[in-house]
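Chemist: This is the structure I have questions about; it appears just below.
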Amino acid sequence: MSHEIETFEDGTAAFFSAREVPWHQLGTVTDGALTVQEALKVAQLDWNVFKSDDPVQVPVLTDSGVQSVSYPGRYITYRDHPKLGLQALGVVGEQYTVIQNEEAFDFLNALADESGATIETAGSLLGGSQVFVTMKMPDTLKVAGGSDEVEFYLMATTSHDGSLAFTAAVTPIRVVCKNTQRMALGAAQSTWRLKHTSHVKGRVQQAREALGLTFEYQAAYEKAVGAMVDSPISEREVDAFLESLFPYSPKASTYQVMKVDETRQAVRGLYQHAPTQDNVRGTRWAAYSAVTEYADWVRPVRANGKDEDVVRAERVFLGSGDALKDKAFALLGGPALAAV
């Protein structure tokens, strides 16, 4: 199941969305925003996680029969689910500290009270191994006289199997084409991670304070976008930008050169003709937006039997095009608006 949202035999899913039906068509859609506690309940995330007291024991078959082998320093995490009962989630180290869903995301309530942000989605992935909550920040960045808008979301996620640190990340979404406008903005921190250690509960408080960086990131993002919108770019500069962004390999074959040329032409076509660039065409912001639109929605996908639109939506959600976007941003601007 490509979306990895946890589903149950009764046809329900561990997912909640405020107002909008998600692309995977699963879960519960509400008329308005909820508190964290309400969202966790609606998304069926109101269960607790435990860590075994004793190290993992594995049964093995020997000449003397079945015996148990102990793995020192390795412990099982498990949950007590209202529908599924006790379920193992993963194997973790001795220093791993369980942090419950409500405890992990409770700080979002304070952020909502202080800023007016609203809980947008919550869900469980990979059989409960990972959980997430997203918030929509109240301020929308209007670009080019309001014809182009960027909304900001804060995503908080953690795992119960040791595979993922507690993470909060700011994600800007360009509303006009729903693509992620990823920018590496120097000192403006957009991601905060905490390991599951014995000090994690105290460090969640640090994360609350660090989330003030969300607003710093928004301010830095707005400044960078404003500078790019105000900076014209010539056709020659667009060509130079695309050549730097998609260079030929020194030992490229004729076929590889052809593929690079096709990619450059695809991005240039978006820059020149896509309706999403109408009000900003001729600027560095338009060139950057063409790259993000290409990375999220136009770049060829390997569907492997899946629906291509679903694969593209997953690509946006997982940020697989972030490296390309960061390179494009570095070439086109940043705080100093370095020349291409």
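Ligands are numbered from 1 in the order shown, chains are lettered A, B, ... in the order of the structure tokens, and residues start at 1 in each chain.
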Tell me which protein, DNA and RNA residues are within 12 Å of Ser234 of chain A, counting only C-alpha atoms, leaving out same-chain ones fewer than 2 positions away, and put them as an mmCIF file with C-alpha atoms, in the first residue's frame.
Modeler:
```
data_model
loop_
_atom_site.group_PDB
_atom_site.id
_atom_site.type_symbol
_atom_site.label_atom_id
_atom_site.label_comp_id
_atom_site.auth_asym_id
_atom_site.auth_seq_id
_atom_site.Cartn_x
_atom_site.Cartn_y
_atom_site.Cartn_z
ATOM 1 C CA SER A 231 15.231 40.526 -9.601
ATOM 2 C CA PRO A 232 14.770 40.308 -13.385
ATOM 3 C CA ARG A 236 20.823 34.330 -21.383
ATOM 4 C CA GLU A 237 20.834 34.051 -17.596
ATOM 5 C CA VAL A 238 18.072 31.434 -17.719
ATOM 6 C CA ASP A 239 20.190 29.386 -20.129
ATOM 7 C CA ALA A 240 23.253 29.739 -17.890
ATOM 8 C CA PHE A 241 21.163 28.778 -14.851
ATOM 9 C CA TYR A 271 9.326 29.017 -17.131
ATOM 10 C CA GLN A 272 8.129 30.350 -20.492
ATOM 11 C CA ARG A 281 7.646 35.559 -15.532
ATOM 12 C CA GLY A 282 10.966 37.204 -16.266
ATOM 13 C CA THR A 283 12.091 37.047 -12.623
ATOM 14 C CA ARG A 284 14.362 34.745 -10.657
ATOM 15 C CA ALA A 286 9.703 32.391 -11.850
ATOM 16 C CA ALA A 287 12.850 30.444 -12.760
ATOM 17 C CA ALA A 339 24.902 36.011 -9.870
ATOM 18 C CA VAL A 340 24.432 32.889 -11.937
#
```
Chemist: Which of these, A:Ala227, A:Asn179, A:Gln87, A:Leu331, has the shortest distance to Tyr294 of chain A once you count only C-alpha atoms?
Modeler: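 Smallest distance to Tyr294 of chain A is found for A:Asn179.
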Chemist: Just the residues within 8 Å of segment 164-175 of chain A, please, counting only C-alpha atoms, with nothing from its chain fewer than 4 positions along; format it as a list of chain:residue names.
Modeler: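 Result of the neighbour search: A:Ala104, A:Gln130, A:Asp148, A:Glu149, A:Val150, A:Glu151, A:Phe152, A:Tyr153, A:Leu154, A:Met155, A:Ala156, A:Thr157, A:Thr158, A:Ser159, A:Asn179, A:Thr180, A:Gln181, A:Arg182, A:Ser190, A:Thr191, A:Trp192, A:Arg193, A:Leu194, A:Lys195, A:His196, A:Leu211, A:Thr214, A:Tyr217.
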Chemist: Keeping N, CA and C atoms, export the residues of the selection given above as a PDB file, in the first residue's frame.
Modeler:
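Output saved as selection_22.pdb:
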```
ATOM      1  N   ALA A 104       4.177  13.766  22.724  1.00  0.00           N
ATOM      2  CA  ALA A 104       5.042  14.242  21.647  1.00  0.00           C
ATOM      3  C   ALA A 104       4.470  15.478  20.971  1.00  0.00           C
ATOM      4  N   GLN A 130       5.391   4.825  12.903  1.00  0.00           N
ATOM      5  CA  GLN A 130       5.616   6.256  12.811  1.00  0.00           C
ATOM      6  C   GLN A 130       4.273   6.984  12.870  1.00  0.00           C
ATOM      7  N   ASP A 148       0.116  35.071  -6.477  1.00  0.00           N
ATOM      8  CA  ASP A 148       0.838  33.845  -6.150  1.00  0.00           C
ATOM      9  C   ASP A 148       0.940  33.791  -4.638  1.00  0.00           C
ATOM     10  N   GLU A 149       0.515  32.673  -4.029  1.00  0.00           N
ATOM     11  CA  GLU A 149       0.514  32.570  -2.580  1.00  0.00           C
ATOM     12  C   GLU A 149       1.337  31.381  -2.107  1.00  0.00           C
ATOM     13  N   VAL A 150       1.975  31.562  -0.958  1.00  0.00           N
ATOM     14  CA  VAL A 150       2.720  30.483  -0.324  1.00  0.00           C
ATOM     15  C   VAL A 150       2.189  30.321   1.092  1.00  0.00           C
ATOM     16  N   GLU A 151       1.784  29.105   1.444  1.00  0.00           N
ATOM     17  CA  GLU A 151       1.328  28.806   2.787  1.00  0.00           C
ATOM     18  C   GLU A 151       2.402  28.011   3.514  1.00  0.00           C
ATOM     19  N   PHE A 152       2.442  28.143   4.838  1.00  0.00           N
ATOM     20  CA  PHE A 152       3.451  27.454   5.626  1.00  0.00           C
ATOM     21  C   PHE A 152       2.793  26.416   6.529  1.00  0.00           C
ATOM     22  N   TYR A 153       3.419  25.255   6.566  1.00  0.00           N
ATOM     23  CA  TYR A 153       2.951  24.166   7.420  1.00  0.00           C
ATOM     24  C   TYR A 153       4.083  23.732   8.340  1.00  0.00           C
ATOM     25  N   LEU A 154       3.714  23.316   9.535  1.00  0.00           N
ATOM     26  CA  LEU A 154       4.665  22.734  10.465  1.00  0.00           C
ATOM     27  C   LEU A 154       4.309  21.266  10.621  1.00  0.00           C
ATOM     28  N   MET A 155       5.233  20.391  10.280  1.00  0.00           N
ATOM     29  CA  MET A 155       5.008  18.965  10.433  1.00  0.00           C
ATOM     30  C   MET A 155       5.838  18.440  11.591  1.00  0.00           C
ATOM     31  N   ALA A 156       5.198  17.761  12.533  1.00  0.00           N
ATOM     32  CA  ALA A 156       5.891  17.116  13.641  1.00  0.00           C
ATOM     33  C   ALA A 156       5.693  15.613  13.502  1.00  0.00           C
ATOM     34  N   THR A 157       6.753  14.849  13.652  1.00  0.00           N
ATOM     35  CA  THR A 157       6.660  13.409  13.488  1.00  0.00           C
ATOM     36  C   THR A 157       7.630  12.705  14.420  1.00  0.00           C
ATOM     37  N   THR A 158       7.291  11.480  14.778  1.00  0.00           N
ATOM     38  CA  THR A 158       8.185  10.675  15.609  1.00  0.00           C
ATOM     39  C   THR A 158       7.938   9.208  15.295  1.00  0.00           C
ATOM     40  N   SER A 159       8.800   8.350  15.802  1.00  0.00           N
ATOM     41  CA  SER A 159       8.650   6.914  15.582  1.00  0.00           C
ATOM     42  C   SER A 159       8.615   6.198  16.923  1.00  0.00           C
ATOM     43  N   ASN A 179       2.936  22.768  -4.958  1.00  0.00           N
ATOM     44  CA  ASN A 179       4.262  22.152  -4.899  1.00  0.00           C
ATOM     45  C   ASN A 179       5.064  22.753  -3.760  1.00  0.00           C
ATOM     46  N   THR A 180       5.989  21.961  -3.224  1.00  0.00           N
ATOM     47  CA  THR A 180       6.769  22.381  -2.075  1.00  0.00           C
ATOM     48  C   THR A 180       7.906  23.289  -2.505  1.00  0.00           C
ATOM     49  N   GLN A 181       7.942  24.487  -1.927  1.00  0.00           N
ATOM     50  CA  GLN A 181       8.998  25.448  -2.243  1.00  0.00           C
ATOM     51  C   GLN A 181      10.098  25.326  -1.183  1.00  0.00           C
ATOM     52  N   ARG A 182      10.946  24.347  -1.340  1.00  0.00           N
ATOM     53  CA  ARG A 182      12.007  24.095  -0.356  1.00  0.00           C
ATOM     54  C   ARG A 182      13.136  25.082  -0.557  1.00  0.00           C
ATOM     55  N   SER A 190      14.971  25.208   9.607  1.00  0.00           N
ATOM     56  CA  SER A 190      13.644  24.746   9.222  1.00  0.00           C
ATOM     57  C   SER A 190      13.342  23.357   9.764  1.00  0.00           C
ATOM     58  N   THR A 191      14.304  22.709  10.431  1.00  0.00           N
ATOM     59  CA  THR A 191      14.089  21.364  10.960  1.00  0.00           C
ATOM     60  C   THR A 191      14.713  21.255  12.345  1.00  0.00           C
ATOM     61  N   TRP A 192      14.030  20.572  13.247  1.00  0.00           N
ATOM     62  CA  TRP A 192      14.510  20.356  14.605  1.00  0.00           C
ATOM     63  C   TRP A 192      14.332  18.882  14.944  1.00  0.00           C
ATOM     64  N   ARG A 193      15.409  18.216  15.365  1.00  0.00           N
ATOM     65  CA  ARG A 193      15.354  16.786  15.664  1.00  0.00           C
ATOM     66  C   ARG A 193      15.810  16.511  17.088  1.00  0.00           C
ATOM     67  N   LEU A 194      15.161  15.529  17.717  1.00  0.00           N
ATOM     68  CA  LEU A 194      15.525  15.092  19.063  1.00  0.00           C
ATOM     69  C   LEU A 194      15.615  13.570  19.090  1.00  0.00           C
ATOM     70  N   LYS A 195      16.660  13.037  19.677  1.00  0.00           N
ATOM     71  CA  LYS A 195      16.783  11.590  19.801  1.00  0.00           C
ATOM     72  C   LYS A 195      15.929  11.090  20.967  1.00  0.00           C
ATOM     73  N   HIS A 196      15.512   9.829  20.880  1.00  0.00           N
ATOM     74  CA  HIS A 196      14.751   9.206  21.958  1.00  0.00           C
ATOM     75  C   HIS A 196      15.720   8.708  23.032  1.00  0.00           C
ATOM     76  N   LEU A 211      10.782  26.073  18.234  1.00  0.00           N
ATOM     77  CA  LEU A 211       9.763  26.284  17.214  1.00  0.00           C
ATOM     78  C   LEU A 211       9.488  27.760  16.979  1.00  0.00           C
ATOM     79  N   THR A 214      10.318  28.781  13.662  1.00  0.00           N
ATOM     80  CA  THR A 214       9.346  28.710  12.572  1.00  0.00           C
ATOM     81  C   THR A 214       9.077  30.100  12.006  1.00  0.00           C
ATOM     82  N   TYR A 217      12.051  31.485  10.212  1.00  0.00           N
ATOM     83  CA  TYR A 217      12.172  30.898   8.879  1.00  0.00           C
ATOM     84  C   TYR A 217      11.203  31.572   7.912  1.00  0.00           C
TER      85      TYR A 217
END
```
Chemist: Of the candidates A:Asp278, A:Glu262, A:Asp161, A:Glu120, which one gets nearest to Ile76 of chain A if we count only C-alpha atoms?
Modeler: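 Going through A:Asp278, A:Glu262, A:Asp161, A:Glu120 one by one, the smallest distance to Ile76 of chain A is for A:Asp161.
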Chemist: Would you kindly return, as a VMD selection string, each protein, DNA or RNA residue with an atom no farther than 12 Å from any atom of Leu324 of chain A, considering only C-alpha atoms and excluding same-chain residues fewer than 2 positions away?
Modeler: chain A and resid 180 to 184 242 244 to 246 288 to 296 299 319 to 322 326 to 331
Chemist: Looking at A:Gln277, A:Thr77, A:Ser249, A:Gln57, which one is nearest to Gln100 of chain A, with distances taken over only C-alpha atoms?
Modeler: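 Among A:Gln277, A:Thr77, A:Ser249, A:Gln57, it is A:Thr77 that comes nearest to Gln100 of chain A.
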Chemist: Step one, run DSSP on the backbone; step two, keep only residues of segment 75-177 of chain A assigned to strand (DSSP E); then write them as a ChimeraX atom specification.
Modeler: /A:75-81,85-93,118-125,130-143,148-159,166-174
Chemist: Go through A:Glu235, A:Ala220, A:Cys177, A:Phe15 and flag the residue nearest Trp297 of chain A, using only C-alpha atoms for the distances.
Modeler: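 Smallest distance to Trp297 of chain A is found for A:Cys177.
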Chemist: One decimal, Å: what's the distance from atom CA of Pro72 of chain A over to atom CA of Ser129 of chain A, could you say?
Modeler: 22.4 Å
Chemist: Between A:Phe107, A:Gly123, A:Lys251, A:Pro300, which one has atoms that come closest to Val42 of chain A, using only C-alpha atoms?
Modeler: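 Counting only C-alpha atoms, the residue closest to Val42 of chain A is A:Gly123.
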Chemist: Within 9 Å of Glu4 of chain A, counting only C-alpha atoms, which residues show up once you throw out same-chain ones fewer than 4 positions away? Write them as a compact mmCIF listing (two decimals) with C-alpha atoms, in the first residue's frame, please.
Modeler:
```txt
# COMPACT_ATOMS: atom_id res chain seq x y z
CA SER A 124 -0.23 6.65 11.69
CA LEU A 125 2.17 5.07 9.19
CA LEU A 126 3.72 1.63 8.81
CA GLY A 127 1.50 -0.13 11.31
```
Chemist: Please return, as an NGL selection string, all residues of segment 53-260 of chain A that DSSP assigns to helix (DSSP H, G or I) on the basis of the backbone.
Modeler: :A and (101-105 or 107-115 or 126-128 or 200-210 or 213-229 or 235-245 or 254-260)
Chemist: Could you write out the selected residues, including C-alpha atoms, as an mmCIF file, in the first residue's frame?
Modeler:
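Writing done, so here's selection32.cif:
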```cif
data_model
loop_
_atom_site.group_PDB
_atom_site.id
_atom_site.type_symbol
_atom_site.label_atom_id
_atom_site.label_comp_id
_atom_site.auth_asym_id
_atom_site.auth_seq_id
_atom_site.Cartn_x
_atom_site.Cartn_y
_atom_site.Cartn_z
ATOM 1 C CA ASN A 101 1.714 10.353 21.005
ATOM 2 C CA GLU A 102 -0.091 12.959 23.094
ATOM 3 C CA GLU A 103 3.106 13.889 24.911
ATOM 4 C CA ALA A 104 5.042 14.242 21.647
ATOM 5 C CA PHE A 105 2.546 16.570 20.004
ATOM 6 C CA PHE A 107 3.349 21.418 22.365
ATOM 7 C CA LEU A 108 1.410 22.124 19.159
ATOM 8 C CA ASN A 109 -1.572 23.233 21.251
ATOM 9 C CA ALA A 110 0.522 26.008 22.771
ATOM 10 C CA LEU A 111 1.725 27.018 19.325
ATOM 11 C CA ALA A 112 -1.881 27.134 18.121
ATOM 12 C CA ASP A 113 -2.921 29.308 21.076
ATOM 13 C CA GLU A 114 -0.030 31.717 20.572
ATOM 14 C CA SER A 115 -0.100 32.008 16.795
ATOM 15 C CA LEU A 126 3.718 1.633 8.813
ATOM 16 C CA GLY A 127 1.496 -0.133 11.305
ATOM 17 C CA GLY A 128 1.969 2.446 14.043
ATOM 18 C CA VAL A 200 14.009 13.438 25.525
ATOM 19 C CA LYS A 201 11.097 14.627 27.664
ATOM 20 C CA GLY A 202 13.058 17.620 28.898
ATOM 21 C CA ARG A 203 14.299 18.274 25.407
ATOM 22 C CA VAL A 204 10.765 18.427 24.035
ATOM 23 C CA GLN A 205 10.554 21.676 26.006
ATOM 24 C CA GLN A 206 13.628 22.832 24.111
ATOM 25 C CA ALA A 207 11.833 21.939 20.902
ATOM 26 C CA ARG A 208 8.917 24.126 21.941
ATOM 27 C CA GLU A 209 11.287 27.048 22.294
ATOM 28 C CA ALA A 210 13.068 26.162 19.062
ATOM 29 C CA LEU A 213 12.420 29.493 14.661
ATOM 30 C CA THR A 214 9.346 28.710 12.572
ATOM 31 C CA PHE A 215 8.549 32.393 12.447
ATOM 32 C CA GLU A 216 12.185 33.295 11.818
ATOM 33 C CA TYR A 217 12.172 30.898 8.879
ATOM 34 C CA GLN A 218 8.987 32.448 7.497
ATOM 35 C CA ALA A 219 10.505 35.922 7.756
ATOM 36 C CA ALA A 220 13.728 34.819 6.036
ATOM 37 C CA TYR A 221 11.726 33.002 3.368
ATOM 38 C CA GLU A 222 9.601 36.079 2.689
ATOM 39 C CA LYS A 223 12.712 38.230 2.373
ATOM 40 C CA ALA A 224 14.348 35.780 -0.045
ATOM 41 C CA VAL A 225 11.209 35.437 -2.177
ATOM 42 C CA GLY A 226 10.762 39.221 -2.294
ATOM 43 C CA ALA A 227 14.321 39.641 -3.508
ATOM 44 C CA MET A 228 13.842 36.990 -6.206
ATOM 45 C CA VAL A 229 10.562 38.526 -7.388
ATOM 46 C CA GLU A 235 17.045 34.727 -21.365
ATOM 47 C CA ARG A 236 20.823 34.330 -21.383
ATOM 48 C CA GLU A 237 20.834 34.051 -17.596
ATOM 49 C CA VAL A 238 18.072 31.434 -17.719
ATOM 50 C CA ASP A 239 20.190 29.386 -20.129
ATOM 51 C CA ALA A 240 23.253 29.739 -17.890
ATOM 52 C CA PHE A 241 21.163 28.778 -14.851
ATOM 53 C CA LEU A 242 19.830 25.616 -16.510
ATOM 54 C CA GLU A 243 23.299 24.645 -17.722
ATOM 55 C CA SER A 244 24.609 24.937 -14.160
ATOM 56 C CA LEU A 245 21.628 23.162 -12.648
ATOM 57 C CA THR A 254 24.950 10.737 -26.651
ATOM 58 C CA TYR A 255 21.831 9.367 -24.960
ATOM 59 C CA GLN A 256 22.730 10.988 -21.613
ATOM 60 C CA VAL A 257 23.330 14.343 -23.291
ATOM 61 C CA MET A 258 19.939 14.024 -24.961
ATOM 62 C CA LYS A 259 18.243 13.348 -21.592
ATOM 63 C CA VAL A 260 19.917 16.388 -20.001
#
```
Chemist: Please, what distance in Å, to one decimal, runs between atom CA of Ser163 of chain A and atom CA of Ser17 of chain A?
Modeler: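 Spanning atom CA of Ser163 of chain A to atom CA of Ser17 of chain A is a straight-line distance of 24.9 Å.
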Chemist: From the options A:Pro138, A:Pro55, A:Gly73, A:Gly162, which residue's atoms come nearest to Ile99 of chain A, counting only C-alpha atoms?
Modeler: A:Gly162
